[in-house]
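Enquirer: Before anything else, here's the structure in question.
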Amino acid sequence: MLRLFLALFLLIPTPVFAEEVPGEVTVNEDFSDSTYQSGLTISGGNQAAYIYTNEQDRYGTTGASLAITSGTYLFEFAEDVYEVGFIVGAVNNAWSIKWYYADGTDETVSKNAQNNGNLETMYETIYKSYTDYNAVAENTDKFITKFEIILTDISVLDTLYWQYVEIPVTTTTSSTTTTSTTTTTTTTTVPPKPEPEPEPYIPPPPPPPTPEEIIVDIVVEGVDKTYTQADVNDGTIERDQERIDNESEFGCFMTNAQIERGDCLIIIEKVEVFEDDIIEEEVIVEEIEEDVEVIIPENDVVVLDPPKKEVIEDEVVEFEELPIEFEIIEFDLEDIVPKDVVEIPIPVEVIKNEPVKEDIPEVLEEDTPDTTLPLVEIEPEREEIVFTEEEVAVEVAEVVEIIEDIVVEEATVEEVVEVLEEVNDIGVQNLSSVTEETQEIIQEVVEEAIADVAELTEEQVEVVAEVLQVETEDVAIIAESIKDDEVIAEAVEEYVERAVQNADVENYTLADVVTEVQFETFIDNPIQTFIDIDIQEINFSDIGNDMTTDQKEKAQEVVVPVILTRIATMAAFVYRRGNV
Amino acid sequence: MFKKLGNWIIDAIKETLNLSWTLVGLVIATLTLTGSAQQVTGLATIITLVIWLITLGWRK
């Protein structure tokens, strides 16, 4: 009997009790371009968030994504949102999310650095929902008004969506009825009826979720790509078509708008040739025709279909017709490289910050069974990042772009650190392609940063330390040393120049520059080096404390072998005398 | 007197040459150091060398 009831219970379809949210609106933001969905405002960060078009479909992203570099980024909603989801990838350091709720409370969620073992899976999905919580009447509404992402290294954010309830606007109209009698020429005005109690609003049942109808099916580079009506409405399909066309023409997967504003690298290289002599338009057009043939198909690996001559000529005609382009060209052309194409420098930082922990082998446990051996931290060797020529060109252009806007003497700490961050992205030793003038400005920025080290935050000091290739705590030592040590002051002044000159030297640091400067001083005046000693300034209790860690290590590498060699020599001498 | 001084100078040069590799190492060490450590190393090198040469005859 029981089985019979059970069978009947299973056979009879029962209604789904899960309550749909009436008036629910879901907004998706895929960060395909810099125009965000209405209702979303993104602000904050040490550098403004921007659309990242490199490394598409990596770190869990779909197409382009939003690059967030460092600092606190605020994502604010115009509506009270009860559910938010997105993915965050390429996060090398510990980070956190701070949720702000409509009831005035907030919540901070700390996150660990992501594992960079596999870049395809180096992301995590963030999901915050209070659907059920808010459905309970006695609960305080936990709607999300905004959230912050706090991080310290460049990362990507993508596939953001949020849900809220759209409250329909109900308008109540009151009417006055007037009755007039013409025969008696008197007018009787009937007072308005009392306004009826407004009926409680019953939201209409939510429409059944209809799958988005695929209306266009296009094959792009062998991949079948489908579009929905929404894609057609918001112009996604047109922009994608423009990207396909522009890739086949110029080798740049970009929209017409991006091409026109000069985002395509080909245009930059092409125009650099004429930087010096823009005299007559006709002459320029001829040169463009010649040079584009060489530059585009041979050097740019992105080019899938080398452009035909006719196509380039057509494009050149467009330049002729647009004098504004030539005006831009007369300035520094490297400026027009967009920030969107910055490569994320990830592996070095990860390796630096993530020690590999390894247990002591079991053999030791046999000898000391009751002793728990400590974990051994093994710092793996740094991976050498090899930039391609294009990447170097892009990074250098970005550095130049920032430097052009800066007056070192008047620069704020933030501006100085921003320049240094850009320099770190490429590495000081890779600045050989910039002009000497630019190198000098970078040098001045470095000196400015060291001079203002007391005003810098810990994170900003880390940036300065990375430029000088020293430990963070050494920056303060250097800042103190340059006040009374001419050699170190000179080394800091010449650091950028010498680092560029020694681009082929691995792990070239400020300590190397100091040694070089000291050697040159010694060669110039050997006696003076040893005589110029102020005994009163020597503090025996502080010996070594005014040296950077890197300098100590380099000195050890020399001093220890010298002492050992001397001891060995003396031992051999004593041994010989003993045998005589 | 002058002959003794001359002999001592010759011996000092010889002894200094014997110490060539050690002195090269100490000079390089001095040049790689900075601050107080550099000054102390340089000073100690010179003082030790001077003492070493002055006591040349006594140590023989």
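In the structure tokens, chains take the letters A, B, ... in the order shown, each chain's residues start at 1, and ligands count up from 1 in the order shown.
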Show me which bits of chain A are within 8 Å of chain B, counting only C-alpha atoms, as a short mmCIF file (atom, residue, chain, number, x, y, z; two decimals) with C-alpha atoms, in the first residue's frame.
Expert:
data_model
loop_
_atom_site.label_atom_id
_atom_site.label_comp_id
_atom_site.auth_asym_id
_atom_site.auth_seq_id
_atom_site.Cartn_x
_atom_site.Cartn_y
_atom_site.Cartn_z
CA SER A 481 72.97 57.15 1.42
CA ASP A 485 77.79 59.31 -0.38
CA VAL A 514 77.61 51.43 -7.58
CA THR A 515 80.49 49.02 -8.12
CA GLN A 518 83.48 53.09 -7.54
CA PHE A 519 85.81 51.30 -9.90
CA PHE A 530 91.76 54.83 0.21
CA ILE A 533 88.19 58.12 4.75
CA ASP A 534 86.51 60.03 7.51
CA GLU A 537 81.92 59.06 10.61
CA ILE A 538 82.60 55.37 11.03
CA ASN A 539 80.15 53.82 13.44
CA PHE A 540 81.28 50.30 14.25
CA ASP A 542 76.24 50.19 12.33
CA ILE A 543 78.69 48.63 9.94
CA GLY A 544 76.77 47.10 7.08
CA ASP A 546 73.88 51.37 5.47
CA MET A 547 74.32 48.84 2.68
CA GLN A 551 75.14 45.25 -2.26
CA LYS A 552 75.90 42.96 0.69
CA LYS A 554 77.60 41.12 -4.16
CA ALA A 555 80.29 42.04 -1.63
CA VAL A 558 84.00 38.78 -3.46
CA VAL A 559 85.08 39.06 0.16
CA VAL A 562 89.36 36.40 -0.89
CA ARG A 566 94.25 33.80 1.85
#
Enquirer: So which residues touch Ile68 of chain A within 10 Å, counting only C-alpha atoms, skipping near sequence neighbours fewer than 5 positions away, as a PyMOL selection string?
Expert: chain A and resi 44-52+73+88+91+149-157
Enquirer: For the selection just defined, write its residues with N, CA and C atoms to a file, as a tab-separated table (two decimals), in the first residue's frame.
Expert:
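The new file result-v9.tsv reads:
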chain	number	residue	atom	x	y	z
A	44	GLY	N	37.70	54.71	-9.87
A	44	GLY	CA	38.74	54.39	-8.90
A	44	GLY	C	39.93	53.69	-9.53
A	45	GLY	N	40.79	53.14	-8.67
A	45	GLY	CA	42.00	52.46	-9.12
A	45	GLY	C	43.13	53.45	-9.31
A	46	ASN	N	44.34	52.96	-9.18
A	46	ASN	CA	45.50	53.81	-9.43
A	46	ASN	C	45.58	54.20	-10.90
A	47	GLN	N	45.01	53.36	-11.73
A	47	GLN	CA	44.90	53.68	-13.15
A	47	GLN	C	43.48	53.29	-13.55
A	48	ALA	N	42.83	54.14	-14.34
A	48	ALA	CA	41.44	53.88	-14.69
A	48	ALA	C	41.32	52.53	-15.41
A	49	ALA	N	40.23	51.82	-15.13
A	49	ALA	CA	40.00	50.54	-15.79
A	49	ALA	C	39.82	50.77	-17.28
A	50	TYR	N	40.27	49.81	-18.08
A	50	TYR	CA	40.15	49.96	-19.53
A	50	TYR	C	39.89	48.61	-20.18
A	51	ILE	N	39.44	48.68	-21.41
A	51	ILE	CA	39.11	47.45	-22.13
A	51	ILE	C	40.41	46.79	-22.60
A	52	TYR	N	40.54	45.54	-22.26
A	52	TYR	CA	41.77	44.79	-22.56
A	52	TYR	C	41.47	43.83	-23.71
A	73	TYR	N	38.96	49.61	-7.06
A	73	TYR	CA	38.04	49.91	-8.15
A	73	TYR	C	36.60	49.79	-7.63
A	88	VAL	N	36.96	37.02	-12.24
A	88	VAL	CA	38.17	37.81	-12.09
A	88	VAL	C	39.36	36.88	-12.33
A	91	VAL	N	45.03	37.20	-11.24
A	91	VAL	CA	45.34	37.90	-10.00
A	91	VAL	C	46.51	37.18	-9.32
A	149	ILE	N	36.67	46.31	-5.66
A	149	ILE	CA	37.70	45.28	-5.83
A	149	ILE	C	39.04	45.93	-5.49
A	150	ILE	N	39.70	45.36	-4.51
A	150	ILE	CA	40.98	45.91	-4.07
A	150	ILE	C	42.08	44.92	-4.45
A	151	LEU	N	43.01	45.33	-5.27
A	151	LEU	CA	44.07	44.43	-5.71
A	151	LEU	C	45.34	45.23	-5.98
A	152	THR	N	46.43	44.51	-6.18
A	152	THR	CA	47.72	45.18	-6.30
A	152	THR	C	48.41	44.90	-7.62
A	153	ASP	N	47.86	44.03	-8.43
A	153	ASP	CA	48.52	43.79	-9.71
A	153	ASP	C	47.47	43.74	-10.81
A	154	ILE	N	47.92	43.95	-12.01
A	154	ILE	CA	46.99	44.04	-13.13
A	154	ILE	C	46.27	42.71	-13.33
A	155	SER	N	44.96	42.79	-13.45
A	155	SER	CA	44.12	41.61	-13.56
A	155	SER	C	42.98	41.91	-14.52
A	156	VAL	N	42.19	40.90	-14.81
A	156	VAL	CA	41.07	41.12	-15.73
A	156	VAL	C	39.75	40.75	-15.06
A	157	LEU	N	38.71	41.45	-15.47
A	157	LEU	CA	37.36	41.18	-14.96
A	157	LEU	C	36.45	41.07	-16.17
Enquirer: Neighbouring residues of segment 401-414 of chain A were defined as those with any atom within 12 Å, considering only C-alpha atoms; residues of the same chain fewer than 4 positions away were excluded. Please report them as a PyMOL selection string.
Expert: chain A and resi 45-47+71+331-339+393-397+418-423+434-435+437-457+459-461+463-464
Enquirer: Which residues are close to Phe143 of chain A, i.e. within 7 Å by only C-alpha atoms, leaving aside same-chain residues fewer than 2 positions away? Reply as an MDAnalysis selection string.
Expert: chainID A and resid 80:82 101:102 141 145
Enquirer: Which neighbours of segment 27-42 of chain A fall inside 8 Å, counting only C-alpha atoms, when residues of the same chain fewer than 6 positions from it are skipped, and could you give them as a list in words?
Expert: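 What passes the distance filter is Ala49, Tyr50, Ile51, Thr62, Gly63, Ala64, Ser65, Leu66, Tyr73, Leu74, Phe75, Glu76, Phe77, Ala78, Glu79, Asp158, Thr159, Leu160, Tyr161, Trp162 and Gln163 of chain A.
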Enquirer: Using only C-alpha atoms, determine which residues lie at most 12 Å from Gly89 of chain A, disregarding the query and same-chain residues fewer than 4 positions distant; provide the list as a VMD selection string.
Expert: chain A and resid 55 to 62 65 to 69 93 95 111 to 116 118 to 126 151 153 to 159 344 346
Enquirer: Can I get the selection written as an mmCIF file, in the first residue's frame, with C-alpha atoms?
Expert:
data_model
loop_
_atom_site.group_PDB
_atom_site.id
_atom_site.type_symbol
_atom_site.label_atom_id
_atom_site.label_comp_id
_atom_site.auth_asym_id
_atom_site.auth_seq_id
_atom_site.Cartn_x
_atom_site.Cartn_y
_atom_site.Cartn_z
ATOM 1 C CA GLU A 55 44.778 37.579 -24.400
ATOM 2 C CA GLN A 56 41.160 37.178 -25.344
ATOM 3 C CA ASP A 57 39.480 34.033 -24.016
ATOM 4 C CA ARG A 58 42.298 33.561 -21.542
ATOM 5 C CA TYR A 59 41.878 33.770 -17.750
ATOM 6 C CA GLY A 60 38.261 32.666 -18.168
ATOM 7 C CA THR A 61 37.372 35.711 -20.245
ATOM 8 C CA THR A 62 35.169 35.752 -23.304
ATOM 9 C CA SER A 65 37.716 42.027 -20.876
ATOM 10 C CA LEU A 66 38.117 44.831 -18.362
ATOM 11 C CA ALA A 67 41.668 45.458 -17.195
ATOM 12 C CA ILE A 68 42.020 46.599 -13.592
ATOM 13 C CA THR A 69 45.576 47.360 -12.627
ATOM 14 C CA ASN A 93 48.574 38.643 -5.276
ATOM 15 C CA TRP A 95 43.003 40.611 -3.196
ATOM 16 C CA LYS A 111 40.718 36.250 -1.667
ATOM 17 C CA ASN A 112 44.009 34.476 -2.197
ATOM 18 C CA ALA A 113 46.284 34.893 -5.192
ATOM 19 C CA GLN A 114 45.301 32.732 -8.109
ATOM 20 C CA ASN A 115 47.416 29.828 -9.288
ATOM 21 C CA ASN A 116 49.211 30.684 -12.503
ATOM 22 C CA ASN A 118 47.491 27.119 -16.081
ATOM 23 C CA LEU A 119 46.526 30.522 -17.474
ATOM 24 C CA GLU A 120 43.326 29.099 -18.922
ATOM 25 C CA THR A 121 42.042 28.280 -15.469
ATOM 26 C CA MET A 122 43.629 31.210 -13.642
ATOM 27 C CA TYR A 123 40.376 32.852 -12.644
ATOM 28 C CA GLU A 124 37.554 32.517 -10.195
ATOM 29 C CA THR A 125 33.872 33.121 -10.467
ATOM 30 C CA ILE A 126 32.351 35.587 -8.051
ATOM 31 C CA LEU A 151 44.066 44.435 -5.706
ATOM 32 C CA ASP A 153 48.517 43.790 -9.714
ATOM 33 C CA ILE A 154 46.991 44.042 -13.131
ATOM 34 C CA SER A 155 44.116 41.609 -13.557
ATOM 35 C CA VAL A 156 41.071 41.116 -15.734
ATOM 36 C CA LEU A 157 37.356 41.179 -14.962
ATOM 37 C CA ASP A 158 34.728 39.892 -17.353
ATOM 38 C CA THR A 159 31.246 38.438 -17.820
ATOM 39 C CA ILE A 344 49.968 41.701 -18.440
ATOM 40 C CA ILE A 346 52.347 38.063 -14.575
#
